[in-house]
Amino acid sequence: MNRINVDPLFQKMGHHEGTQYRCEACNRPLKYQFVLRSLNDQRVYKLGVSCFLSYAGISQMTVNGIQSHVNAASKYRDQIIARYKTGKRFLGDEINILSFIVSRLRNQEVDDEHRLLYEKAQLFKQIDFPMHPDDNRALRAWKREIVIEEQKQQRLLEERQEEGQRLMTQAKPLTKQQEEILQNYVIIQCNYIANELNKNSNSEWKIESIRMSHDCSVVGSCICGKGSSLIVTLKNGNGLALSFDLDGVFAHSVVTPQLFARQIQGTFHGLRSDI
């Protein structure tokens with residue numbers, strides 16, 4: 001069989017003067033015209049179903065199967081045309097979904113079913129035709145599959161990162177020498193930062209000293225009595241010296257201007273994060 005012609009305007013019980021297709025054997029008007037090409041002489045035959053059965057010598061069951069597929073294809077086409085005639089087009093959310101899928105599938109292999117859906121969506125987008133509801137649902141389901149897989153991969157990544165952090169916390173403790181070296185580094189960095197902040201500040205308050213532990217152990221208390229692993233002692237022009245933790249240096253509103261307090265807070269937060 002070469003192809004099947006379908007007349008979408010065929011009226012079974014109507015008049016057939018303008019019928020598009022007829023059976024060449026019996027001249028009956030046709031909705032479905034089966035086009036066959038002879039393998040012997042390459043002659044083409046255009047027949048209705050009854051004459052097709054007689055000529056081809058195949059069973060009614062086989063023809064019914066063929067007609068069933070043709071009917072499904074015709075119904076699919078007719079639904080899309082009907083949606084187009086009512087003003088429906090390739091929707092904005094379909095464009096967004098297609099763009100999402102395209103961005104995720106670069107250089108990736110897809111199975112035949114998804115490839116066909118993708119190519120169909122691309123074609124409908126180009127001609128601005130509405131997709132069949134079944135295809136629209138399949139496109140949305142495909143996006144959900146991609147999102148679920150991405151979430152799964154993200155969870156696996158987070159689990160690996162958590163495992164890495166767990167292994168790091170189980171690492172061997174620092175030796176005495178390593179602790180001394182690290183603490184000396186902390187002292188040098190604190191003094192350097194304090195000097196730079198004092199030099200570039202127009203505040204009456206100056207950083208007098210900084211105490212900071214490398215292992216988060218408490219080294220002193222803020223003026224509010226809260227213990228901390230980092231204490232900044234500031235002195236004003238009257239010789240008043242006060243100690244703060246990093247939150248207190250700004251929150252207690254003693255050090256002015258508050259921009260200077262913010263600079264102290266931000267700079268030493270960064271140092272503590274590095275340590």
# chains A, B, ... in the order shown; residues from 1 in each chain; ligands from 1
>>> select_by_dssp(residues="range 86-213 of chain A", states="alpha helix (DSSP H)", output="PyMOL selection string")
chain A and resi 92-104+112-127+133-169+176-199
>>> select_by_dssp(residues="range 138-251 of chain A", states="strand (DSSP E or B)", output="list in words")
Lys206, Ile207, Glu208, Ser209, Ile210, Arg211, Met212, Gly220, Ser221, Gly227, Ser228, Leu230, Ile231, Val232, Thr233, Leu234, Lys235, Ala241, Leu242, Ser243 and Phe244 of chain A
>>> write_last_selection(atoms="N, CA and C atoms", output="PDB file, in the first residue's frame")
ATOM      1  N   LYS A 206      39.359  54.037  69.009  1.00  0.00           N
ATOM      2  CA  LYS A 206      40.404  53.291  68.337  1.00  0.00           C
ATOM      3  C   LYS A 206      40.469  51.872  68.902  1.00  0.00           C
ATOM      4  N   ILE A 207      40.838  50.932  68.035  1.00  0.00           N
ATOM      5  CA  ILE A 207      40.963  49.545  68.492  1.00  0.00           C
ATOM      6  C   ILE A 207      42.222  49.448  69.350  1.00  0.00           C
ATOM      7  N   GLU A 208      42.018  49.061  70.602  1.00  0.00           N
ATOM      8  CA  GLU A 208      43.133  48.923  71.548  1.00  0.00           C
ATOM      9  C   GLU A 208      43.766  47.544  71.443  1.00  0.00           C
ATOM     10  N   SER A 209      42.916  46.533  71.389  1.00  0.00           N
ATOM     11  CA  SER A 209      43.426  45.162  71.288  1.00  0.00           C
ATOM     12  C   SER A 209      42.322  44.243  70.763  1.00  0.00           C
ATOM     13  N   ILE A 210      42.751  43.089  70.260  1.00  0.00           N
ATOM     14  CA  ILE A 210      41.814  42.066  69.768  1.00  0.00           C
ATOM     15  C   ILE A 210      42.268  40.726  70.296  1.00  0.00           C
ATOM     16  N   ARG A 211      41.331  40.023  70.867  1.00  0.00           N
ATOM     17  CA  ARG A 211      41.609  38.657  71.320  1.00  0.00           C
ATOM     18  C   ARG A 211      40.704  37.711  70.538  1.00  0.00           C
ATOM     19  N   MET A 212      41.330  36.716  69.948  1.00  0.00           N
ATOM     20  CA  MET A 212      40.557  35.778  69.130  1.00  0.00           C
ATOM     21  C   MET A 212      41.193  34.404  69.212  1.00  0.00           C
ATOM     22  N   GLY A 220      36.970  36.001  76.285  1.00  0.00           N
ATOM     23  CA  GLY A 220      36.576  37.144  77.095  1.00  0.00           C
ATOM     24  C   GLY A 220      35.094  37.405  76.994  1.00  0.00           C
ATOM     25  N   SER A 221      34.647  38.545  77.590  1.00  0.00           N
ATOM     26  CA  SER A 221      33.219  38.859  77.622  1.00  0.00           C
ATOM     27  C   SER A 221      32.960  40.251  77.066  1.00  0.00           C
ATOM     28  N   GLY A 227      29.958  35.799  76.825  1.00  0.00           N
ATOM     29  CA  GLY A 227      31.274  35.297  76.459  1.00  0.00           C
ATOM     30  C   GLY A 227      31.407  35.113  74.962  1.00  0.00           C
ATOM     31  N   SER A 228      32.621  35.252  74.425  1.00  0.00           N
ATOM     32  CA  SER A 228      32.819  35.151  72.979  1.00  0.00           C
ATOM     33  C   SER A 228      34.237  34.691  72.677  1.00  0.00           C
ATOM     34  N   LEU A 230      35.824  35.957  70.196  1.00  0.00           N
ATOM     35  CA  LEU A 230      36.499  37.118  69.613  1.00  0.00           C
ATOM     36  C   LEU A 230      36.051  38.366  70.366  1.00  0.00           C
ATOM     37  N   ILE A 231      36.965  39.052  70.998  1.00  0.00           N
ATOM     38  CA  ILE A 231      36.668  40.252  71.776  1.00  0.00           C
ATOM     39  C   ILE A 231      37.518  41.415  71.245  1.00  0.00           C
ATOM     40  N   VAL A 232      36.843  42.516  70.930  1.00  0.00           N
ATOM     41  CA  VAL A 232      37.506  43.732  70.465  1.00  0.00           C
ATOM     42  C   VAL A 232      37.443  44.769  71.586  1.00  0.00           C
ATOM     43  N   THR A 233      38.585  45.262  72.032  1.00  0.00           N
ATOM     44  CA  THR A 233      38.638  46.311  73.049  1.00  0.00           C
ATOM     45  C   THR A 233      38.955  47.637  72.367  1.00  0.00           C
ATOM     46  N   LEU A 234      38.067  48.640  72.573  1.00  0.00           N
ATOM     47  CA  LEU A 234      38.240  49.956  71.968  1.00  0.00           C
ATOM     48  C   LEU A 234      38.410  51.005  73.068  1.00  0.00           C
ATOM     49  N   LYS A 235      39.173  52.056  72.769  1.00  0.00           N
ATOM     50  CA  LYS A 235      39.399  53.139  73.735  1.00  0.00           C
ATOM     51  C   LYS A 235      39.114  54.459  73.037  1.00  0.00           C
ATOM     52  N   ALA A 241      38.008  52.567  78.050  1.00  0.00           N
ATOM     53  CA  ALA A 241      38.202  51.337  77.270  1.00  0.00           C
ATOM     54  C   ALA A 241      37.037  50.387  77.524  1.00  0.00           C
ATOM     55  N   LEU A 242      36.425  49.893  76.447  1.00  0.00           N
ATOM     56  CA  LEU A 242      35.297  48.965  76.539  1.00  0.00           C
ATOM     57  C   LEU A 242      35.541  47.774  75.617  1.00  0.00           C
ATOM     58  N   SER A 243      35.040  46.616  76.035  1.00  0.00           N
ATOM     59  CA  SER A 243      35.221  45.388  75.249  1.00  0.00           C
ATOM     60  C   SER A 243      33.877  44.932  74.680  1.00  0.00           C
ATOM     61  N   PHE A 244      33.908  44.459  73.436  1.00  0.00           N
ATOM     62  CA  PHE A 244      32.691  44.025  72.745  1.00  0.00           C
ATOM     63  C   PHE A 244      32.957  42.715  72.003  1.00  0.00           C
TER      64      PHE A 244
END
>>> residues_around(residues="Tyr45 in chain A", least_positions_apart="5", cutoff="8 Å", atoms="only C-alpha atoms", output="list in words")
Glu24, Phe34, Val35, Leu36, Arg37 and Ser38 of chain A
>>> write_last_selection(atoms="C-alpha atoms", output="CSV table (one decimal), in the first residue's frame")
chain,number,residue,atom,x,y,z
A,24,GLU,CA,-11.6,3.7,-9.4
A,34,PHE,CA,-6.5,3.3,-0.4
A,35,VAL,CA,-3.7,3.9,-2.9
A,36,LEU,CA,-1.9,0.8,-3.9
A,37,ARG,CA,1.1,0.3,-6.3
A,38,SER,CA,1.5,-3.0,-8.0
>>> atom_distance(atom1="CA of Leu157 in chain A", atom2="CA of Ser103 in chain A")
20.7 Å
>>> residues_around(residues="Cys51 in chain A", least_positions_apart="5", cutoff="8 Å", atoms="only C-alpha atoms", output="tab-separated table (two decimals) with N, CA, C and O atoms, in the first residue's frame")
chain	number	residue	atom	x	y	z
A	23	CYS	N	-13.67	5.59	-5.72
A	23	CYS	CA	-13.05	4.30	-6.01
A	23	CYS	C	-12.96	4.15	-7.53
A	23	CYS	O	-13.96	4.30	-8.23
A	25	ALA	N	-12.53	1.48	-9.10
A	25	ALA	CA	-13.14	0.22	-9.56
A	25	ALA	C	-14.65	0.33	-9.65
A	25	ALA	O	-15.26	-0.09	-10.65
A	26	CYS	N	-15.30	0.96	-8.63
A	26	CYS	CA	-16.77	0.99	-8.61
A	26	CYS	C	-17.33	2.41	-8.63
A	26	CYS	O	-18.55	2.59	-8.65
>>> residues_around(residues="Arg272 in chain A", least_positions_apart="2", cutoff="10 Å", atoms="only C-alpha atoms", output="ChimeraX atom specification")
/A:186,212-214,216,229-230,267-270,274-275
>>> write_last_selection(atoms="N, CA, C and O atoms", output="compact mmCIF listing (two decimals), in the first residue's frame")
# COMPACT_ATOMS: atom_id res chain seq x y z
N VAL A 186 46.66 34.05 63.73
CA VAL A 186 45.48 34.82 64.13
C VAL A 186 45.89 36.16 64.73
O VAL A 186 45.33 37.22 64.41
N MET A 212 41.33 36.72 69.95
CA MET A 212 40.56 35.78 69.13
C MET A 212 41.19 34.40 69.21
O MET A 212 42.40 34.26 69.06
N SER A 213 40.38 33.38 69.45
CA SER A 213 40.89 32.01 69.52
C SER A 213 40.72 31.34 68.16
O SER A 213 39.80 31.65 67.41
N HIS A 214 41.63 30.43 67.86
CA HIS A 214 41.56 29.73 66.58
C HIS A 214 40.59 28.56 66.63
O HIS A 214 40.21 28.02 65.59
N CYS A 216 37.57 28.58 68.51
CA CYS A 216 36.24 29.04 68.98
C CYS A 216 36.07 28.96 70.49
O CYS A 216 34.94 29.04 70.99
N SER A 229 34.40 34.10 71.49
CA SER A 229 35.72 33.66 71.03
C SER A 229 36.48 34.80 70.35
O SER A 229 37.63 34.64 69.97
N LEU A 230 35.82 35.96 70.20
CA LEU A 230 36.50 37.12 69.61
C LEU A 230 36.05 38.37 70.37
O LEU A 230 34.86 38.69 70.38
N THR A 267 34.80 43.16 58.88
CA THR A 267 36.17 42.70 58.62
C THR A 267 36.51 41.47 59.45
O THR A 267 37.08 40.49 58.94
N PHE A 268 36.15 41.49 60.74
CA PHE A 268 36.52 40.36 61.59
C PHE A 268 35.61 39.16 61.41
O PHE A 268 36.01 38.03 61.68
N HIS A 269 34.39 39.39 60.93
CA HIS A 269 33.54 38.25 60.53
C HIS A 269 34.23 37.50 59.40
O HIS A 269 34.26 36.26 59.38
N GLY A 270 34.79 38.26 58.43
CA GLY A 270 35.49 37.61 57.32
C GLY A 270 36.71 36.83 57.79
O GLY A 270 36.95 35.71 57.33
N ASP A 274 37.44 32.72 57.55
CA ASP A 274 38.64 32.15 56.94
C ASP A 274 39.32 31.16 57.88
O ASP A 274 39.81 30.10 57.45
N ILE A 275 39.35 31.50 59.16
CA ILE A 275 39.99 30.61 60.12
C ILE A 275 39.21 29.33 60.25
O ILE A 275 39.74 28.23 60.30
>>> atom_distance(atom1="CA of Met61 in chain A", atom2="CA of Ile4 in chain A")
17.1 Å
>>> closest_residue(among="A:Ala261, A:Ile148, A:Val249, A:Leu271", to="Ile188 in chain A", atoms="only C-alpha atoms")
A:Leu271
>>> atom_distance(atom1="CA of Tyr185 in chain A", atom2="CA of Asn200 in chain A")
22.9 Å
